[in-house]
>>> print(open('start_11.txt').read())   # compact mmCIF, C-alpha atoms
# COMPACT_ATOMS: atom_id res chain seq x y z
CA MET A 1 19.68 35.34 25.02
CA THR A 2 16.32 36.44 26.33
CA ASP A 3 14.00 35.77 23.41
CA LYS A 4 11.59 32.90 24.02
CA PRO A 5 9.57 30.72 21.66
CA ALA A 6 5.87 31.34 21.48
CA SER A 7 3.49 29.38 23.69
CA PRO A 8 0.85 27.04 22.21
CA ALA A 9 -1.76 29.73 22.59
CA SER A 10 0.24 32.15 20.47
CA GLY A 11 1.31 29.72 17.77
CA GLY A 12 3.87 27.19 19.02
CA PRO A 13 4.76 24.75 21.79
CA ASP A 14 5.88 26.06 25.15
CA ALA A 15 9.58 26.33 25.93
CA ALA A 16 11.44 27.96 28.75
CA TRP A 17 14.71 28.42 26.89
CA ALA A 18 15.40 29.93 23.47
CA PRO A 19 18.78 29.67 21.76
CA ASP A 20 19.61 31.68 18.67
CA PRO A 21 17.22 30.25 16.05
CA LEU A 22 19.75 30.71 13.26
CA LEU A 23 21.64 27.52 14.10
CA TRP A 24 20.58 23.93 14.31
CA PRO A 25 20.37 21.37 15.88
CA TYR A 26 20.27 23.78 18.77
CA ALA A 27 17.21 25.57 17.42
CA ALA A 28 15.28 22.30 17.49
CA THR A 29 16.50 20.79 20.71
CA LYS A 30 14.49 22.32 23.53
CA PHE A 31 11.11 22.40 21.92
CA ALA A 32 11.59 19.10 20.01
CA LEU A 33 10.46 17.21 23.09
CA ASP A 34 6.95 18.70 22.87
CA ALA A 35 6.61 20.05 19.34
CA CYS A 36 6.47 17.00 17.08
CA ALA A 37 2.91 15.87 17.78
CA TRP A 38 1.73 19.49 17.79
CA TRP A 39 3.29 20.10 14.36
CA MET A 40 1.62 17.03 12.87
CA GLU A 41 -1.73 18.05 14.29
CA GLN A 42 -1.32 21.46 12.63
CA GLY A 43 -0.42 19.87 9.30
CA TRP A 44 2.86 21.75 8.89
CA GLY A 45 4.44 19.23 6.54
CA ALA A 46 4.57 21.43 3.43
CA ALA A 47 6.95 24.28 2.88
CA LYS A 48 5.34 27.67 2.31
CA PRO A 49 6.29 29.79 -0.73
CA ARG A 50 9.04 32.33 -0.19
CA ASP A 51 7.74 35.87 0.15
CA GLU A 52 11.05 37.38 -0.93
CA PRO A 53 13.52 36.44 -3.69
CA ASP A 54 17.00 35.34 -2.74
CA LEU A 55 19.14 38.23 -1.57
CA PRO A 56 21.97 39.29 -3.89
CA TRP A 57 25.53 38.62 -2.78
CA ALA A 58 27.58 41.60 -1.63
CA THR A 59 30.69 40.78 -3.67
CA PRO A 60 30.82 40.01 -7.42
CA ASN A 61 31.05 36.29 -8.10
CA ARG A 62 30.11 33.58 -10.54
CA VAL A 63 28.77 30.06 -10.09
CA ALA A 64 31.72 27.89 -11.08
CA LEU A 65 30.00 24.54 -10.56
CA GLU A 66 26.49 23.23 -9.90
CA LEU A 67 26.25 20.08 -7.76
CA PRO A 68 23.30 18.32 -6.10
CA THR A 69 24.11 19.76 -2.66
CA LEU A 70 25.75 23.09 -3.49
CA ARG A 71 26.69 25.83 -5.91
CA LEU A 72 30.40 26.56 -5.88
CA ARG A 73 30.71 30.36 -5.95
CA ASP A 74 33.93 31.83 -7.30
CA PHE A 75 34.87 35.27 -5.91
CA SER A 76 38.39 35.22 -7.34
CA ARG A 77 40.04 38.41 -8.61
CA GLY A 78 42.96 36.55 -10.15
CA GLN A 79 44.73 33.23 -10.30
CA ALA A 80 47.73 34.08 -8.13
CA GLY A 81 48.18 32.47 -4.74
CA ARG A 82 46.65 29.49 -3.00
CA ALA A 83 42.91 28.98 -3.34
CA VAL A 84 40.81 29.51 -0.21
CA LEU A 85 37.47 27.71 0.07
CA ILE A 86 35.04 28.96 2.71
CA CYS A 87 32.88 26.05 3.84
CA ALA A 88 29.78 27.88 5.00
CA PRO A 89 27.50 26.49 7.73
CA TYR A 90 24.87 24.12 6.42
CA ALA A 91 22.44 25.19 9.07
CA LEU A 92 19.09 26.89 9.23
CA HIS A 93 20.24 29.82 7.09
CA GLY A 94 22.14 30.23 3.86
CA ALA A 95 25.78 30.77 2.96
CA LEU A 96 25.22 34.51 2.42
CA ILE A 97 26.46 34.89 6.02
CA ALA A 98 29.97 34.65 4.49
CA ASP A 99 29.34 37.64 2.21
CA PHE A 100 26.51 39.42 3.95
CA ALA A 101 27.04 43.11 3.18
CA PRO A 102 29.81 45.66 2.65
CA GLY A 103 31.68 45.98 5.93
CA HIS A 104 30.15 42.68 7.09
CA SER A 105 31.57 40.29 4.50
CA LEU A 106 34.20 37.67 5.24
CA VAL A 107 34.91 37.45 1.52
CA GLU A 108 35.50 41.20 1.37
CA ALA A 109 37.74 41.10 4.45
CA LEU A 110 39.94 38.33 3.07
CA GLN A 111 40.21 40.08 -0.30
CA ARG A 112 41.16 43.33 1.43
CA ASP A 113 43.94 41.51 3.25
CA GLY A 114 45.49 40.10 0.10
CA LEU A 115 43.69 36.83 -0.73
CA ASP A 116 42.58 36.85 -4.37
CA ARG A 117 41.43 33.27 -5.04
CA LEU A 118 38.29 32.82 -2.93
CA TYR A 119 35.41 30.35 -3.18
CA VAL A 120 32.30 29.68 -1.06
CA THR A 121 30.10 26.59 -0.71
CA ASP A 122 26.56 27.87 -1.33
CA TRP A 123 24.54 24.97 0.12
CA ARG A 124 21.14 24.28 -1.44
CA SER A 125 17.90 24.19 0.51
CA ALA A 126 16.79 20.56 0.53
CA SER A 127 13.99 19.48 -1.77
CA SER A 128 11.86 16.40 -1.15
CA GLU A 129 14.13 14.48 -3.55
CA MET A 130 17.08 15.30 -1.25
CA ARG A 131 15.48 14.02 1.96
CA HIS A 132 17.72 10.94 2.07
CA PHE A 133 20.95 12.83 1.42
CA SER A 134 23.57 11.90 4.03
CA VAL A 135 26.79 13.37 5.38
CA ASP A 136 28.61 11.37 2.70
CA ASN A 137 26.65 13.17 -0.03
CA TYR A 138 27.90 16.51 1.26
CA LEU A 139 31.49 15.29 1.66
CA ALA A 140 31.46 13.81 -1.85
CA ASP A 141 30.27 17.06 -3.41
CA LEU A 142 32.78 19.03 -1.35
CA ASN A 143 35.46 16.74 -2.77
CA VAL A 144 34.27 17.38 -6.33
CA ALA A 145 34.27 21.13 -5.67
CA ILE A 146 37.85 21.04 -4.39
CA ASP A 147 38.96 19.00 -7.39
CA GLU A 148 37.32 21.64 -9.60
CA ILE A 149 39.25 24.42 -7.81
CA GLY A 150 42.49 22.45 -7.80
CA ALA A 151 43.90 20.84 -4.67
CA PRO A 152 45.44 21.52 -2.28
CA VAL A 153 43.27 24.34 -0.95
CA ASP A 154 43.13 26.30 2.26
CA LEU A 155 39.83 25.28 3.84
CA VAL A 156 37.92 27.67 6.12
CA GLY A 157 35.06 26.03 8.04
CA LEU A 158 32.38 28.12 9.75
CA CYS A 159 30.39 26.49 12.59
CA GLN A 160 28.74 23.36 11.13
CA GLY A 161 30.97 23.87 8.10
CA GLY A 162 33.88 23.55 10.52
CA TRP A 163 33.37 19.97 11.60
CA LEU A 164 32.56 19.07 7.97
CA SER A 165 35.85 20.68 6.88
CA LEU A 166 37.74 18.85 9.61
CA VAL A 167 36.27 15.51 8.54
CA TYR A 168 37.16 16.29 4.93
CA ALA A 169 40.74 17.25 5.80
CA ALA A 170 41.18 14.03 7.77
CA ARG A 171 39.66 11.98 4.94
CA PHE A 172 41.69 13.71 2.17
CA PRO A 173 44.75 15.20 3.92
CA ALA A 174 46.71 15.77 0.71
CA LYS A 175 43.96 18.07 -0.57
CA VAL A 176 44.02 20.57 2.32
CA ARG A 177 47.09 22.75 2.87
CA ARG A 178 45.76 24.68 5.88
CA LEU A 179 42.58 24.48 7.90
CA VAL A 180 40.69 27.26 9.70
CA LEU A 181 37.93 26.25 12.15
CA VAL A 182 35.66 29.04 13.39
CA GLY A 183 33.17 28.47 16.21
CA SER A 184 33.15 24.80 15.29
CA PRO A 185 31.71 22.04 17.52
CA VAL A 186 33.91 18.93 17.47
CA ASP A 187 34.33 17.45 20.97
CA VAL A 188 31.06 17.81 22.88
CA SER A 189 32.50 16.08 25.94
CA VAL A 190 33.40 19.67 26.78
CA GLU A 191 29.82 20.42 27.61
CA SER A 192 27.68 23.45 27.03
CA ASP A 193 24.03 23.85 27.94
CA LEU A 194 23.21 23.32 24.29
CA SER A 195 25.23 20.16 23.67
CA ARG A 196 23.89 18.74 26.94
CA MET A 197 20.32 19.33 25.77
CA VAL A 198 20.97 17.55 22.46
CA SER A 199 22.55 14.55 24.16
CA ASN A 200 19.81 14.25 26.77
CA ALA A 201 16.79 14.63 24.47
CA PRO A 202 15.19 11.35 23.33
CA LEU A 203 16.00 10.36 19.77
CA ALA A 204 12.27 10.04 19.05
CA ALA A 205 11.93 13.81 19.39
CA PHE A 206 14.37 14.43 16.54
CA GLU A 207 12.86 11.66 14.41
CA GLY A 208 9.43 13.18 14.95
CA LEU A 209 10.74 16.53 13.80
CA VAL A 210 11.90 14.94 10.54
CA ASN A 211 8.70 12.93 10.08
CA SER A 212 6.56 16.02 10.57
CA GLY A 213 8.42 17.66 7.67
CA GLY A 214 7.92 14.77 5.26
CA GLY A 215 11.54 13.65 5.61
CA LEU A 216 12.95 17.17 5.85
CA VAL A 217 13.63 19.59 8.68
CA ARG A 218 11.57 22.59 7.54
CA GLY A 219 13.26 25.92 8.09
CA ASP A 220 9.99 27.86 8.02
CA ASP A 221 8.52 25.63 10.72
CA MET A 222 11.56 26.25 12.90
CA LEU A 223 11.22 30.01 12.62
CA ARG A 224 7.57 29.90 13.71
CA PHE A 225 8.67 29.21 17.28
CA TRP A 226 10.57 32.44 17.85
CA SER A 227 8.66 35.62 18.62
CA LEU A 228 11.61 37.97 18.02
CA PRO A 229 14.43 37.90 15.44
CA PRO A 230 18.07 38.01 16.53
CA ASP A 231 19.48 41.47 17.23
CA ALA A 232 21.10 42.74 14.04
CA GLU A 233 23.21 45.29 15.95
CA VAL A 234 24.69 42.58 18.19
CA VAL A 235 25.41 40.22 15.30
CA LEU A 236 26.88 42.89 13.03
CA GLN A 237 28.74 44.59 15.90
CA ARG A 238 27.60 48.10 15.01
CA SER A 239 24.92 50.64 15.89
CA LEU A 240 22.07 51.03 13.40
CA SER A 241 20.42 54.43 13.53
CA PRO A 242 16.69 54.66 12.78
CA ASP A 243 17.46 58.01 11.14
CA SER A 244 19.92 56.55 8.64
CA ALA A 245 18.50 55.13 5.40
CA ALA A 246 21.65 53.05 4.91
CA ASP A 247 21.41 51.59 8.42
CA GLN A 248 17.76 50.76 7.97
CA ALA A 249 18.48 49.09 4.64
CA LEU A 250 21.10 46.95 6.39
CA ARG A 251 18.65 46.02 9.14
CA ASP A 252 16.01 45.15 6.53
CA ARG A 253 18.52 43.00 4.69
CA PHE A 254 19.35 41.16 7.90
CA ASP A 255 15.66 40.56 8.60
CA ARG A 256 15.08 39.25 5.08
CA TRP A 257 18.03 36.89 5.43
CA ASN A 258 16.73 35.69 8.79
CA ASN A 259 13.26 35.09 7.35
CA ASN A 260 14.50 33.03 4.41
CA PRO A 261 15.70 29.76 6.02
CA LEU A 262 16.88 26.53 4.42
CA ASP A 263 15.25 23.12 4.63
CA LEU A 264 17.57 20.26 5.65
CA PRO A 265 17.55 16.59 4.60
CA GLY A 266 16.22 14.42 7.41
CA THR A 267 18.90 11.74 6.98
CA TYR A 268 21.73 14.27 7.18
CA TYR A 269 20.13 16.05 10.14
CA LEU A 270 19.70 12.86 12.17
CA GLN A 271 23.24 11.73 11.40
CA VAL A 272 24.65 15.02 12.65
CA VAL A 273 22.47 15.02 15.77
CA ASN A 274 23.52 11.47 16.60
CA TRP A 275 27.10 11.26 15.37
CA ILE A 276 28.34 14.69 16.44
CA PHE A 277 26.15 15.78 19.35
CA ARG A 278 24.92 12.58 20.97
CA GLU A 279 27.65 9.99 20.33
CA ASN A 280 30.65 12.34 19.93
CA ARG A 281 32.03 10.07 17.22
CA LEU A 282 34.43 12.59 15.72
CA ALA A 283 36.25 13.12 19.01
CA LYS A 284 36.20 9.39 19.81
CA GLY A 285 37.60 8.28 16.45
CA THR A 286 34.51 6.32 15.39
CA PHE A 287 33.16 8.71 12.73
CA VAL A 288 33.09 7.01 9.31
CA ALA A 289 33.31 9.26 6.24
CA LEU A 290 33.14 7.88 2.69
CA GLY A 291 34.12 4.44 3.91
CA HIS A 292 37.03 5.46 6.14
CA GLU A 293 37.10 5.84 9.91
CA ILE A 294 38.32 9.31 10.85
CA HIS A 295 41.21 9.51 13.33
CA LEU A 296 42.01 13.14 14.07
CA GLU A 297 45.33 12.28 15.73
CA ARG A 298 46.63 11.31 12.29
CA LEU A 299 45.87 14.74 10.83
CA LYS A 300 49.07 16.84 10.53
CA THR A 301 47.62 19.87 8.70
CA PRO A 302 48.34 23.34 10.18
CA VAL A 303 45.22 24.63 11.90
CA PHE A 304 43.91 28.00 13.06
CA LEU A 305 41.14 27.92 15.70
CA LEU A 306 38.93 31.00 16.18
CA ALA A 307 36.42 31.11 19.04
CA GLY A 308 34.01 33.68 20.40
CA ALA A 309 34.50 34.76 24.02
CA GLU A 310 30.74 35.24 24.28
CA ASP A 311 29.72 32.46 21.91
CA GLU A 312 26.34 31.19 23.08
CA VAL A 313 26.37 28.21 20.69
CA VAL A 314 29.93 26.82 20.76
CA PRO A 315 31.68 28.10 23.91
CA ALA A 316 35.32 29.03 23.49
CA GLU A 317 36.50 26.10 25.62
CA GLN A 318 34.63 23.66 23.40
CA ALA A 319 35.95 25.28 20.21
CA MET A 320 39.55 25.28 21.45
CA VAL A 321 39.73 21.71 22.79
CA THR A 322 39.87 20.52 19.18
CA ALA A 323 43.61 21.25 19.22
CA SER A 324 44.19 18.43 21.71
CA LEU A 325 42.63 15.90 19.33
CA LEU A 326 44.88 16.63 16.36
CA GLY A 327 48.22 15.19 15.28
CA THR A 328 49.30 18.64 14.11
CA PRO A 329 52.49 19.73 15.92
CA ALA A 330 51.80 22.40 18.51
CA ALA A 331 53.99 24.89 16.63
CA PHE A 332 51.55 24.76 13.72
CA ILE A 333 48.34 25.36 15.67
CA GLU A 334 47.23 28.97 16.02
CA ARG A 335 44.45 30.17 18.35
CA ALA A 336 42.50 33.39 18.69
CA THR A 337 39.47 34.43 20.74
CA ALA A 338 37.28 37.31 19.57
CA GLN A 339 34.93 39.37 21.74
CA SER A 340 31.94 38.09 19.85
CA LEU A 341 28.76 36.08 19.97
CA HIS A 342 28.50 33.17 17.55
CA LEU A 343 27.24 34.81 14.36
CA GLY A 344 29.46 37.81 14.90
CA LEU A 345 32.43 35.52 14.23
CA PHE A 346 31.39 35.41 10.56
CA CYS A 347 30.08 38.92 9.85
CA GLY A 348 30.75 41.16 12.86
CA ALA A 349 32.61 44.33 11.86
CA GLY A 350 35.10 44.18 14.73
CA THR A 351 35.88 40.49 14.32
CA LEU A 352 36.42 40.87 10.58
CA ALA A 353 38.78 43.80 11.12
CA VAL A 354 40.93 42.16 13.79
CA SER A 355 40.66 38.36 14.00
CA TRP A 356 40.18 37.71 10.31
CA ARG A 357 43.10 39.96 9.41
CA ARG A 358 45.27 37.75 11.58
CA ILE A 359 43.89 34.66 9.82
CA ALA A 360 44.54 36.19 6.39
CA ILE A 361 48.15 36.90 7.34
CA TRP A 362 48.54 33.34 8.66
CA LEU A 363 47.15 31.87 5.44
CA GLN A 364 49.73 33.81 3.42
CA SER A 365 52.75 33.21 5.64
CA GLY A 366 55.40 30.75 4.50
CA GLU A 367 54.96 27.08 3.76
CA ALA A 368 53.87 25.94 7.20
CA GLY A 369 52.04 22.97 5.77
CA SER A 370 55.21 21.43 4.36
CA ARG A 371 57.18 22.12 7.54
CA ALA A 372 54.44 20.63 9.72
CA ARG A 373 54.36 17.41 7.75
CA GLU A 374 58.17 17.20 7.79
CA ALA A 375 58.23 17.72 11.56
CA ALA A 376 55.51 15.14 12.10
CA SER A 377 57.26 12.49 10.04
CA ALA A 378 60.75 13.13 11.50
>>> encode(input="start_11.txt", output="structure tokens")
Amino acid sequence: MTDKPASPASGGPDAAWAPDPLLWPYAATKFALDACAWWMEQGWGAAKPRDEPDLPWATPNRVALELPTLRLRDFSRGQAGRAVLICAPYALHGALIADFAPGHSLVEALQRDGLDRLYVTDWRSASSEMRHFSVDNYLADLNVAIDEIGAPVDLVGLCQGGWLSLVYAARFPAKVRRLVLVGSPVDVSVESDLSRMVSNAPLAAFEGLVNSGGGLVRGDDMLRFWSLPPDAEVVLQRSLSPDSAADQALRDRFDRWNNNPLDLPGTYYLQVVNWIFRENRLAKGTFVALGHEIHLERLKTPVFLLAGAEDEVVPAEQAMVTASLLGTPAAFIERATAQSLHLGLFCGAGTLAVSWRRIAIWLQSGEAGSRAREAASA
């Protein structure tokens, strides 16, 4: 990535390195060391009004359940087959990344390949009343959503939604038949530049970020520090002609999505920064979820790991090492690497056509979950 945050003179603190601003805590890490005092001096504690309404979803759906942390969106075309729940990233941007546009929709791709019962976690932007929401709040609502759908489900976790899905599956193993983890950070002992920055930054920097937002991590404040948006053509894995009205509409849609970020609860944000990226609790077996310590070696659920060969956020090696932490028999762990950057894993045309077709076939093949548990208990 070559885009750089703005300097103080042009509207933000100086930084020499700029990750993709779509994903946190990476988007906060580098400039967090210098930005907190500057933000408070500028009085950026209040969220600004949205200039644009929420974008419509690409695929017909209904809101099946309203919960404090999420709307459960039902994209089902029938009641046959196992239910698949896509656990979207709860990051700087919304869950629309799972159903972005025709030809760039994970929901559409899975439907095309034969999966009819599909749901998505549409995470809410945090209000001031949500500032103390914790990881347990999100796990508890995810549990309610899965009970509403009817367990067991096939759980598909995207990026930050991946580690959350893994924690959930370990906490409630009987409720997850199969698990798909896509570009998901779990064991940060396999270092990347990004995870190293998070672990090395002083905790006070992240706390200052939360304090400057009145107990929230403000999405609009985060976006102020990037002078250029991410490249829509790279993310979507297609050329966009300036002479095509359809292509320009797609680019405009991408820009609107990028410019409509979520706010995050400060408590949740600091727990994730500390527990996942600084203390590596999930990999070490010291992560506590809803009162239970999570031990991944006890998880026997069949798993599919998808990584991006060019992933600038969660390198393929880091995404794939998760397999070594699980109790799932090797015969029931599938792996694939796509020629993709991070966001392209979720909405890139090529990745949807190839890698996600393989995942859809795997989700529909046999009763691997039962066989895996039988093999593990033999």
>>> residues_around(input="start_11.txt", residues="Ala109 in chain A", least_positions_apart="5", cutoff="10 Å", atoms="only C-alpha atoms", output="number ranges by chain")
A: 99, 102-104, 114-115, 347, 349, 352-354, 356-357, 360
>>> residues_around(input="start_11.txt", residues="Val217 in chain A", least_positions_apart="6", cutoff="6 Å", atoms="only C-alpha atoms", output="ChimeraX atom specification")
/A:210,263-264,266
>>> closest_residue(input="start_11.txt", among="A:Gln111, A:Ser192, A:Ser105, A:Ser241", to="Gln364 in chain A", atoms="only C-alpha atoms")
A:Gln111
>>> closest_residue(input="start_11.txt", among="A:Trp257, A:Tyr119, A:Phe332, A:Tyr138", to="Leu96 in chain A", atoms="all atoms listed in the file")
A:Trp257
>>> residues_around(input="start_11.txt", residues="Ala309 in chain A", least_positions_apart="2", cutoff="7 Å", atoms="all atoms listed in the file", output="VMD selection string")
chain A and resid 307 311 316 337 to 340
>>> closest_residue(input="start_11.txt", among="A:Leu363, A:Val182, A:Val313, A:Val273", to="Thr351 in chain A", atoms="only C-alpha atoms")
A:Val182
>>> atom_distance(input="start_11.txt", atom1="CA of Leu326 in chain A", atom2="CA of Val153 in chain A")
19.0 Å
>>> closest_residue(input="start_11.txt", among="A:Leu164, A:Arg256, A:Ile97, A:Gly213", to="Pro185 in chain A", atoms="only C-alpha atoms")
A:Leu164
>>> atom_distance(input="start_11.txt", atom1="CA of Gly327 in chain A", atom2="CA of Asp113 in chain A")
29.3 Å
